[in-house]
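Okay, query.txt is below, compact mmCIF, C-alpha atoms:
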```
# COMPACT_ATOMS: atom_id res chain seq x y z
CA MET A 46 14.44 -18.85 -45.60
CA VAL A 47 14.08 -15.38 -47.08
CA TYR A 48 17.27 -13.49 -46.36
CA TYR A 49 21.01 -14.09 -46.30
CA GLN A 50 22.86 -15.12 -43.13
CA ARG A 51 26.44 -16.08 -42.40
CA LEU A 52 28.14 -17.61 -39.36
CA GLY A 53 31.75 -18.56 -38.82
CA THR A 54 34.38 -18.68 -41.54
CA VAL A 55 33.66 -19.32 -45.21
CA PRO A 56 35.95 -19.01 -48.27
CA PRO A 57 35.74 -15.94 -50.53
CA LYS A 58 34.28 -18.03 -53.38
CA ARG A 59 32.10 -21.14 -53.47
CA HIS A 60 33.59 -24.39 -54.74
CA THR A 61 37.18 -23.26 -54.19
CA GLN A 62 39.95 -24.73 -52.07
CA PHE A 63 39.35 -23.97 -48.39
CA ARG A 64 42.10 -25.31 -46.16
CA LYS A 65 42.75 -25.73 -42.46
CA PRO A 66 45.85 -24.19 -40.86
CA ASP A 67 47.62 -27.56 -41.28
CA GLY A 68 46.88 -27.58 -45.01
CA GLU A 69 44.09 -30.18 -44.94
CA PHE A 70 40.78 -29.43 -46.65
CA TYR A 71 37.54 -28.29 -45.14
CA TYR A 72 34.62 -30.12 -46.79
CA GLU A 73 31.89 -28.13 -48.54
CA GLN A 74 28.25 -29.24 -48.34
CA MET A 75 25.38 -27.60 -50.21
CA GLN A 76 21.89 -27.86 -48.75
CA GLY A 77 19.37 -26.60 -51.29
CA GLU A 78 15.68 -26.66 -52.09
CA GLU A 79 14.09 -27.77 -55.36
CA GLY A 80 17.30 -29.31 -56.60
CA PHE A 81 19.71 -26.52 -57.43
CA ALA A 82 16.95 -24.07 -58.37
CA TRP A 83 15.90 -22.40 -55.09
CA ASN A 84 17.29 -21.28 -51.73
CA GLN A 85 20.63 -22.80 -50.74
CA SER A 86 23.16 -22.77 -47.94
CA PHE A 87 26.79 -23.87 -48.02
CA LEU A 88 28.34 -25.48 -44.94
CA TYR A 89 32.04 -26.18 -44.37
CA HIS A 90 32.86 -29.25 -42.28
CA GLN A 91 36.04 -30.32 -40.53
CA ASN A 92 35.43 -33.85 -41.84
CA PRO A 93 33.57 -35.27 -44.85
CA PRO A 94 29.81 -35.38 -44.03
CA THR A 95 29.28 -38.38 -46.31
CA VAL A 96 31.01 -41.23 -44.47
CA ILE A 97 28.47 -43.74 -43.15
CA THR A 98 29.59 -46.94 -41.41
CA GLY A 99 26.19 -48.53 -40.92
CA ALA A 100 22.48 -48.28 -41.77
CA GLU A 101 19.41 -50.01 -40.38
CA SER A 102 15.67 -49.73 -40.96
CA VAL A 103 13.58 -48.52 -38.04
CA ASP A 104 9.94 -49.59 -37.78
CA GLN A 105 7.81 -46.56 -36.91
CA ALA A 106 4.75 -47.34 -38.99
CA GLY A 107 2.12 -47.32 -36.23
CA PRO A 108 -1.63 -47.88 -36.72
CA PRO A 109 -3.25 -46.37 -39.83
CA SER A 110 -5.27 -43.17 -39.62
CA VAL A 111 -9.04 -43.33 -39.98
CA ALA A 112 -11.52 -41.13 -41.83
CA ASN A 113 -13.56 -38.56 -39.92
CA GLU A 114 -16.80 -40.58 -40.16
CA PRO A 115 -19.48 -39.77 -39.31
CA LEU A 116 -18.38 -36.27 -40.31
CA LEU A 117 -18.18 -34.38 -37.01
CA PRO A 118 -16.37 -31.47 -35.43
CA ARG A 119 -13.77 -32.77 -33.01
CA HIS A 120 -12.20 -31.45 -29.81
CA LEU A 121 -8.90 -32.96 -28.65
CA ARG A 122 -7.42 -32.22 -25.22
CA THR A 123 -3.66 -32.43 -25.81
CA HIS A 124 -2.81 -31.97 -22.14
CA GLU A 125 -4.31 -35.39 -21.47
CA LEU A 126 -1.54 -37.04 -23.50
CA ALA A 127 1.05 -38.74 -21.32
CA PRO A 128 4.51 -37.16 -21.11
CA ALA A 129 6.85 -38.76 -23.63
CA THR A 130 10.57 -39.24 -23.98
CA ASP A 131 11.70 -36.59 -26.45
CA ALA A 132 10.52 -34.21 -29.14
CA VAL A 133 11.19 -36.68 -31.95
CA LEU A 134 10.42 -40.20 -30.69
CA GLY A 135 7.60 -39.09 -28.39
CA ARG A 136 5.32 -37.51 -30.98
CA HIS A 137 1.63 -38.41 -30.85
CA ARG A 138 0.12 -38.32 -34.34
CA LEU A 139 -3.26 -36.60 -34.08
CA MET A 140 -4.31 -36.10 -37.71
CA GLY A 141 -2.94 -35.75 -41.19
CA ASN A 142 -3.29 -36.28 -44.93
CA SER A 143 -0.97 -36.54 -47.92
CA ASP A 144 0.21 -32.94 -47.42
CA LEU A 145 0.98 -32.82 -43.72
CA THR A 146 0.98 -34.54 -40.34
CA ILE A 147 -0.08 -32.79 -37.13
CA SER A 148 1.40 -34.16 -33.90
CA TYR A 149 1.81 -33.15 -30.28
CA VAL A 150 4.45 -34.02 -27.72
CA HIS A 151 5.09 -33.30 -24.06
CA ALA A 152 8.83 -33.99 -24.07
CA THR A 153 10.76 -34.61 -20.85
CA GLU A 154 14.18 -35.43 -22.36
CA SER A 155 16.49 -34.01 -24.98
CA SER A 156 16.35 -35.78 -28.32
CA GLY A 157 18.93 -37.58 -30.40
CA LEU A 158 20.09 -36.45 -33.84
CA TYR A 159 17.27 -36.36 -36.39
CA ARG A 160 16.79 -35.43 -40.02
CA ASN A 161 13.42 -35.18 -41.74
CA ALA A 162 14.15 -35.78 -45.43
CA VAL A 163 10.46 -35.73 -46.41
CA GLY A 164 9.53 -32.10 -45.81
CA ASP A 165 9.90 -28.98 -43.70
CA GLU A 166 8.78 -29.02 -40.09
CA LEU A 167 7.04 -26.16 -38.31
CA VAL A 168 7.05 -26.57 -34.53
CA TYR A 169 5.04 -24.31 -32.23
CA VAL A 170 6.42 -24.12 -28.69
CA GLU A 171 3.44 -24.05 -26.33
CA ALA A 172 5.48 -24.20 -23.12
CA GLY A 173 9.08 -24.63 -22.02
CA GLY A 174 12.39 -23.76 -23.60
CA ALA A 175 15.06 -25.49 -25.64
CA VAL A 176 18.02 -25.05 -27.93
CA VAL A 177 17.59 -26.48 -31.42
CA GLU A 178 21.12 -27.64 -32.19
CA SER A 179 21.91 -28.21 -35.86
CA SER A 180 24.75 -28.14 -38.32
CA PHE A 181 23.91 -24.43 -38.63
CA GLY A 182 24.50 -23.76 -34.93
CA GLU A 183 22.38 -23.03 -31.86
CA LEU A 184 18.86 -21.61 -32.10
CA GLU A 185 17.37 -20.76 -28.70
CA VAL A 186 13.59 -21.16 -28.60
CA ARG A 187 10.95 -20.31 -26.01
CA ALA A 188 7.20 -20.42 -25.45
CA GLY A 189 5.30 -18.80 -28.31
CA ASP A 190 7.94 -19.51 -30.94
CA TYR A 191 7.22 -20.91 -34.35
CA VAL A 192 10.34 -22.89 -35.30
CA VAL A 193 10.81 -23.70 -38.99
CA ILE A 194 13.27 -26.52 -39.69
CA PRO A 195 14.05 -26.95 -43.40
CA THR A 196 13.95 -30.36 -45.04
CA SER A 197 17.05 -32.52 -44.40
CA THR A 198 18.46 -30.36 -41.60
CA THR A 199 20.31 -32.57 -39.11
CA HIS A 200 19.28 -31.33 -35.68
CA GLN A 201 18.34 -32.23 -32.12
CA TRP A 202 16.25 -30.69 -29.34
CA ARG A 203 18.18 -29.91 -26.14
CA LEU A 204 15.81 -29.00 -23.32
CA THR A 205 16.59 -25.95 -21.18
CA SER A 206 13.49 -26.43 -19.03
CA GLU A 207 12.02 -29.37 -17.14
CA SER A 208 9.76 -30.26 -20.05
CA LEU A 209 8.66 -29.00 -23.44
CA ARG A 210 5.18 -28.89 -25.01
CA LEU A 211 5.21 -28.78 -28.81
CA LEU A 212 2.66 -28.76 -31.62
CA ILE A 213 4.37 -30.17 -34.72
CA VAL A 214 3.37 -29.75 -38.36
CA GLU A 215 5.35 -31.92 -40.77
CA SER A 216 5.00 -31.06 -44.46
CA SER A 217 4.87 -34.07 -46.75
CA GLY A 218 3.43 -32.60 -49.95
CA GLY A 219 6.70 -32.06 -51.77
CA GLY A 220 6.93 -28.36 -50.97
CA HIS A 221 8.20 -26.04 -48.29
CA ILE A 222 6.80 -23.94 -45.44
CA ARG A 223 7.42 -20.30 -46.25
CA PRO A 224 6.20 -16.79 -45.45
CA PRO A 225 3.23 -15.90 -47.67
CA LYS A 226 4.16 -14.58 -51.11
CA ARG A 227 1.89 -11.58 -50.66
CA PHE A 228 4.20 -10.28 -47.91
CA MET A 229 7.35 -10.57 -50.04
CA SER A 230 8.99 -8.57 -52.79
CA PRO A 231 10.16 -10.49 -55.91
CA LEU A 232 13.66 -10.42 -54.40
CA GLY A 233 12.52 -11.87 -51.07
CA GLN A 234 12.35 -8.81 -48.81
CA PHE A 235 9.39 -8.45 -46.46
CA LEU A 236 7.20 -5.63 -47.75
CA ASP A 237 6.26 -2.65 -45.61
CA GLY A 238 2.96 -3.43 -43.94
CA SER A 239 3.58 -7.16 -43.58
CA PRO A 240 2.66 -8.44 -40.08
CA TYR A 241 6.26 -9.48 -39.39
CA ASN A 242 9.60 -8.94 -41.06
CA GLU A 243 13.33 -9.69 -40.92
CA ARG A 244 13.73 -7.93 -37.59
CA ASP A 245 11.38 -10.45 -35.96
CA VAL A 246 13.00 -13.57 -37.42
CA ARG A 247 15.82 -15.25 -35.47
CA GLY A 248 18.33 -17.61 -37.04
CA PRO A 249 21.05 -19.60 -35.26
CA SER A 250 23.03 -17.27 -33.02
CA ARG A 251 26.35 -19.13 -32.88
CA LEU A 252 28.06 -22.23 -34.16
CA ILE A 253 28.30 -25.34 -32.01
CA GLU A 254 31.76 -26.18 -30.73
CA THR A 255 33.09 -29.00 -32.89
CA ARG A 256 31.96 -32.44 -31.75
CA THR A 257 34.11 -35.39 -32.61
CA GLY A 258 33.67 -39.11 -32.92
CA PRO A 259 30.95 -41.20 -34.55
CA ALA A 260 27.26 -40.33 -34.34
CA ASP A 261 23.92 -41.96 -35.13
CA VAL A 262 21.29 -39.95 -37.03
CA LEU A 263 17.65 -41.00 -37.36
CA VAL A 264 16.44 -40.06 -40.85
CA ARG A 265 12.81 -39.99 -42.00
CA THR A 266 12.64 -40.68 -45.71
CA ARG A 267 9.89 -40.95 -48.31
CA THR A 268 9.85 -44.72 -47.86
CA GLY A 269 10.36 -45.16 -44.10
CA VAL A 270 12.88 -44.46 -41.35
CA THR A 271 16.60 -45.29 -41.43
CA ARG A 272 19.22 -44.95 -38.68
CA TYR A 273 22.62 -44.07 -40.14
CA SER A 274 25.91 -44.44 -38.29
CA TYR A 275 28.31 -41.68 -39.32
CA ALA A 276 32.06 -41.85 -38.88
CA PHE A 277 32.16 -38.13 -38.06
CA HIS A 278 29.77 -36.04 -36.01
CA PRO A 279 27.69 -33.67 -38.21
CA PHE A 280 28.26 -30.78 -35.78
CA ASP A 281 31.79 -30.01 -36.97
CA VAL A 282 30.96 -26.96 -39.08
CA VAL A 283 33.40 -24.02 -39.05
CA GLY A 284 31.18 -21.72 -41.09
CA TRP A 285 28.20 -21.47 -43.41
CA ASP A 286 26.28 -18.93 -45.42
CA GLY A 287 23.07 -18.81 -47.43
CA TYR A 288 19.30 -18.59 -47.28
CA ASN A 289 18.32 -22.08 -46.08
CA TYR A 290 18.54 -22.59 -42.30
CA PRO A 291 16.37 -23.12 -39.19
CA TYR A 292 14.71 -20.01 -37.81
CA ALA A 293 12.18 -18.87 -35.21
CA LEU A 294 9.40 -16.29 -35.08
CA ASN A 295 7.57 -15.58 -31.83
CA ILE A 296 3.80 -15.31 -32.16
CA ALA A 297 3.90 -12.19 -29.95
CA ASP A 298 5.86 -10.45 -32.71
CA TYR A 299 3.04 -11.02 -35.21
CA MET A 300 1.26 -7.68 -35.66
CA PRO A 301 -2.44 -8.30 -36.38
CA SER A 302 -4.68 -6.25 -38.65
CA THR A 303 -7.93 -4.79 -37.31
CA GLY A 304 -10.98 -3.34 -39.03
CA ALA A 305 -14.30 -1.65 -38.56
CA LEU A 306 -16.01 -5.01 -39.18
CA HIS A 307 -14.93 -8.61 -38.69
CA LEU A 308 -11.94 -9.62 -40.80
CA PRO A 309 -11.80 -13.21 -42.14
CA PRO A 310 -9.17 -15.70 -40.91
CA PRO A 311 -6.91 -15.43 -44.03
CA THR A 312 -6.13 -11.89 -42.81
CA TYR A 313 -3.91 -13.53 -40.20
CA ILE A 314 -1.95 -15.89 -42.45
CA THR A 315 1.59 -16.45 -41.18
CA PHE A 316 3.01 -19.32 -43.28
CA GLU A 317 1.95 -21.18 -46.40
CA ALA A 318 2.87 -24.53 -47.94
CA PRO A 319 1.48 -26.80 -50.64
CA GLY A 320 -1.89 -28.02 -49.34
CA PHE A 321 -2.18 -25.90 -46.20
CA VAL A 322 -1.71 -22.52 -44.53
CA ILE A 323 -0.98 -21.50 -40.93
CA CYS A 324 -2.55 -18.41 -39.32
CA SER A 325 -1.97 -16.65 -36.00
CA PHE A 326 -4.68 -15.26 -33.75
CA VAL A 327 -3.19 -12.91 -31.17
CA PRO A 328 -4.50 -10.26 -28.73
CA ARG A 329 -5.89 -7.32 -30.72
CA MET A 330 -8.50 -4.59 -30.74
CA PHE A 331 -12.01 -5.71 -31.62
CA ASP A 332 -13.95 -4.36 -34.61
CA TYR A 333 -14.87 -0.72 -34.06
CA HIS A 334 -17.99 -0.13 -36.18
CA PRO A 335 -20.78 0.92 -33.74
CA GLU A 336 -22.97 -1.98 -34.90
CA ALA A 337 -20.15 -4.53 -35.27
CA VAL A 338 -20.71 -8.17 -34.36
CA LYS A 339 -17.36 -8.98 -32.82
CA VAL A 340 -17.38 -12.77 -32.73
CA PRO A 341 -17.05 -14.79 -35.96
CA TYR A 342 -20.22 -15.42 -37.92
CA ALA A 343 -21.29 -19.00 -38.65
CA HIS A 344 -19.41 -20.32 -41.64
CA ALA A 345 -18.95 -23.47 -43.65
CA ASN A 346 -15.50 -24.61 -44.77
CA VAL A 347 -16.23 -25.33 -48.40
CA ASP A 348 -12.69 -26.22 -49.49
CA SER A 349 -10.77 -26.84 -46.28
CA ASP A 350 -10.60 -28.54 -42.92
CA GLU A 351 -9.94 -26.02 -40.13
CA VAL A 352 -7.75 -26.88 -37.13
CA LEU A 353 -7.34 -24.49 -34.20
CA PHE A 354 -4.81 -24.95 -31.41
CA TYR A 355 -5.75 -22.81 -28.40
CA THR A 356 -2.58 -21.78 -26.64
CA GLY A 357 -3.38 -18.86 -24.37
CA GLY A 358 -5.80 -16.18 -23.20
CA ASP A 359 -9.57 -16.01 -23.03
CA PHE A 360 -11.47 -17.90 -25.76
CA MET A 361 -14.65 -15.86 -25.41
CA SER A 362 -16.45 -17.08 -28.54
CA ARG A 363 -15.96 -20.70 -27.40
CA ALA A 364 -17.19 -20.26 -23.81
CA GLY A 365 -19.29 -23.24 -22.79
CA SER A 366 -17.80 -25.60 -25.39
CA GLY A 367 -15.10 -27.11 -23.18
CA ILE A 368 -12.31 -25.45 -25.19
CA ASP A 369 -9.36 -24.55 -22.94
CA GLN A 370 -5.58 -24.17 -22.93
CA GLY A 371 -4.04 -26.89 -25.10
CA SER A 372 -7.30 -27.76 -26.87
CA ILE A 373 -7.37 -28.57 -30.58
CA SER A 374 -10.61 -28.18 -32.51
CA LEU A 375 -11.23 -29.68 -35.95
CA HIS A 376 -14.06 -28.27 -38.05
CA PRO A 377 -14.14 -30.24 -41.30
CA ALA A 378 -15.26 -29.18 -44.75
CA GLY A 379 -19.01 -29.72 -45.06
CA TYR A 380 -19.75 -28.75 -41.47
CA ILE A 381 -21.19 -25.32 -40.51
CA HIS A 382 -19.73 -23.92 -37.30
CA GLY A 383 -19.59 -20.65 -35.41
CA PRO A 384 -19.62 -19.08 -31.94
CA GLN A 385 -21.19 -20.76 -28.95
CA ALA A 386 -24.61 -19.71 -27.67
CA GLY A 387 -24.56 -16.43 -25.78
CA SER A 388 -21.11 -15.30 -26.92
CA LEU A 389 -22.47 -12.83 -29.48
CA GLU A 390 -24.24 -10.79 -26.82
CA LYS A 391 -21.28 -10.96 -24.43
CA SER A 392 -18.92 -9.63 -27.10
CA LEU A 393 -20.82 -6.44 -27.90
CA SER A 394 -19.33 -4.39 -25.06
CA ALA A 395 -15.80 -5.87 -25.35
CA GLU A 396 -13.04 -3.69 -26.80
CA ARG A 397 -10.41 -6.32 -27.45
CA THR A 398 -9.75 -10.04 -27.55
CA GLU A 399 -7.00 -11.64 -25.48
CA GLU A 400 -6.84 -15.06 -27.13
CA THR A 401 -3.77 -16.65 -28.70
CA ALA A 402 -4.30 -19.53 -31.11
CA VAL A 403 -2.66 -21.22 -34.08
CA MET A 404 -4.88 -22.14 -37.03
CA ILE A 405 -4.05 -24.72 -39.69
CA ASP A 406 -6.29 -24.84 -42.76
CA THR A 407 -5.81 -27.85 -45.01
CA PHE A 408 -7.17 -28.24 -48.53
CA ARG A 409 -7.51 -32.02 -48.40
CA PRO A 410 -9.57 -33.84 -45.76
CA LEU A 411 -7.82 -34.74 -42.53
CA PHE A 412 -7.71 -38.30 -41.19
CA LEU A 413 -7.55 -38.99 -37.46
CA GLY A 414 -4.57 -40.66 -35.82
CA GLU A 415 -4.77 -43.26 -33.06
CA ALA A 416 -3.76 -40.73 -30.37
CA ALA A 417 -6.79 -38.55 -31.17
CA ALA A 418 -9.29 -41.17 -29.98
CA GLY A 419 -7.87 -41.27 -26.47
CA ILE A 420 -8.13 -37.52 -25.84
CA GLU A 421 -11.34 -36.62 -27.66
CA ASP A 422 -14.15 -34.74 -25.91
CA ALA A 423 -17.08 -36.84 -27.10
CA ASP A 424 -19.61 -34.16 -26.09
CA TYR A 425 -18.11 -31.40 -28.23
CA PRO A 426 -20.18 -31.92 -31.42
CA TRP A 427 -23.34 -31.35 -29.38
CA SER A 428 -22.11 -28.28 -27.46
CA TRP A 429 -24.04 -25.92 -29.75
CA ALA A 430 -27.25 -27.92 -29.19
CA HIS A 431 -26.76 -27.86 -25.42
CA GLY A 432 -26.33 -24.09 -25.59
CA TRP A 433 -29.72 -23.77 -27.24
CA GLY A 434 -31.44 -26.25 -24.92
CA GLN A 435 -31.84 -28.99 -27.53
CA ASP A 436 -32.00 -32.76 -26.98
CA VAL A 437 -29.12 -34.70 -28.51
CA THR A 438 -29.27 -38.16 -30.05
CA GLY A 439 -25.53 -38.42 -30.60
CA ALA A 440 -23.53 -40.04 -33.37
CA ARG A 441 -24.91 -43.11 -35.11
```
For this file, write the structure as structure tokens.
Amino acid sequence: MVYYQRLGTVPPKRHTQFRKPDGEFYYEQMQGEEGFAWNQSFLYHQNPPTVITGAESVDQAGPPSVANEPLLPRHLRTHELAPATDAVLGRHRLMGNSDLTISYVHATESSGLYRNAVGDELVYVEAGGAVVESSFGELEVRAGDYVVIPTSTTHQWRLTSESLRLLIVESSGGGHIRPPKRFMSPLGQFLDGSPYNERDVRGPSRLIETRTGPADVLVRTRTGVTRYSYAFHPFDVVGWDGYNYPYALNIADYMPSTGALHLPPPTYITFEAPGFVICSFVPRMFDYHPEAVKVPYAHANVDSDEVLFYTGGDFMSRAGSGIDQGSISLHPAGYIHGPQAGSLEKSLSAERTEETAVMIDTFRPLFLGEAAAGIEDADYPWSWAHGWGQDVTGAR
């Protein structure tokens, strides 16, 4: 994360004796990025966090992903996926590459303890509410929140609503999901004029009351999945401080830029990571030049695959395509795409757009997961042709 936080009780100096009232030690744990060279946090446990009493491999391989061949735009209807158990075990893998995995889950239960030791996770809450419980404390999340969970954070999702709809981006490229560098000073402060800042970012609000007894933690590693049995529950922290912790940003707190003429999607960048970026499209004033064309022009993704998750509002430029709440579109590199037929004319008198969407641009081609095939709108690639009254031969 980008600024210092502290909860609970910590000693005056790192790596010094920190004792309980009875004279026993508290146990210091450092959680840091890039070895010892980047952001760190220091947690102080009632019990040693290192004592495992068992370990077993867990098979979660699943079917392999397939190439997007023939190269086509895709439309996935995530609301057609069946409700699952929880936000960890119930994830449906939709697409991915060596840098990231994109999944979706409609969770109906709270999850067990989980730690992703491969990369950061960014979770967008489409609907519902939950508390992300971690060794850092309680982070309350709601619809519209981006939730960033740093690599190797032991956590679980506790539902506070009947169910929870989540879009999940798991980084696997050896880097971290961070605010864009162009918004930050060299010392890590958000610059004036950035679309969000420290006042919009929420970290854990309070520590979790100490939990005792053994606990199992499911850990995703670079080679597979392991379930560890710990002698002591990881939620026994009396205090922590540092720059590395889970946090949330609500998409409604993202302040968009506007212009006289259409601004390109990178204007709305929200997070960046090795191999991909994440942008936010939120309600905003339309372009105000008297001759402005207010819907996006046709464009080809020369260096990236473009994924859009439509999560609220009126998707005017996509009218007639079948895109709706919960839709995911994939427009791959090498394919020219743009607004649907008739949307240009309809936009000319509009003063603002009311859509909310999350965009993920990847710089390596995306492969399709097994879950994508079951929820794909097979007519989507031909929706532009239908709009112009053309016959369609379909994929061969």
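Residues in contact with range 390-406 of chain A at 7 Å, where only C-alpha atoms are counted and same-chain residues fewer than 3 positions away are skipped, are listed as A:Phe321, A:Val322, A:Ile323, A:Cys324, A:Ser325, A:Phe326, A:Val327, A:Pro328, A:Arg329, A:Met330, A:Phe331, A:Val338, A:Lys339, A:Val340, A:Ser349, A:Asp350, A:Glu351, A:Val352, A:Leu353, A:Phe354, A:Tyr355, A:Thr356, A:Gly357, A:Gly358, A:Asp359, A:Phe360, A:Gly387.
Taking CA of Val170 in chain A and CA of Val192 in chain A as the two end points, the separation is 7.8 Å.
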Nearest candidate to Pro224 in chain A (options A:Thr315, A:Thr54, A:Thr123, A:Gln385; using only C-alpha atoms) | A:Thr315
Between CA of Glu78 in chain A and CA of Val177 in chain A, what is the distance, to one decimal in Å?
-> 20.8 Å
Skipping near chain neighbours, those fewer than 3 positions away, what residues fall within 8 Å of Gln201 in chain A using all atoms listed in the file, listed as a PDB file with C-alpha atoms, keeping the file's coordinate frame?
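And here is the file that came out, around05.pdb:
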```pdb
ATOM      1  CA  SER A 155      16.490 -34.010 -24.980  1.00  0.00           C
ATOM      2  CA  SER A 156      16.350 -35.780 -28.320  1.00  0.00           C
ATOM      3  CA  GLY A 157      18.930 -37.580 -30.400  1.00  0.00           C
ATOM      4  CA  LEU A 158      20.090 -36.450 -33.840  1.00  0.00           C
ATOM      5  CA  TYR A 159      17.270 -36.360 -36.390  1.00  0.00           C
ATOM      6  CA  VAL A 177      17.590 -26.480 -31.420  1.00  0.00           C
ATOM      7  CA  GLU A 178      21.120 -27.640 -32.190  1.00  0.00           C
ATOM      8  CA  SER A 179      21.910 -28.210 -35.860  1.00  0.00           C
TER       9      SER A 179
END
```
For Ala188 in chain A, the closest of A:Pro225, A:Asn295, A:Pro341, A:Ile253 counting only C-alpha atoms is A:Asn295
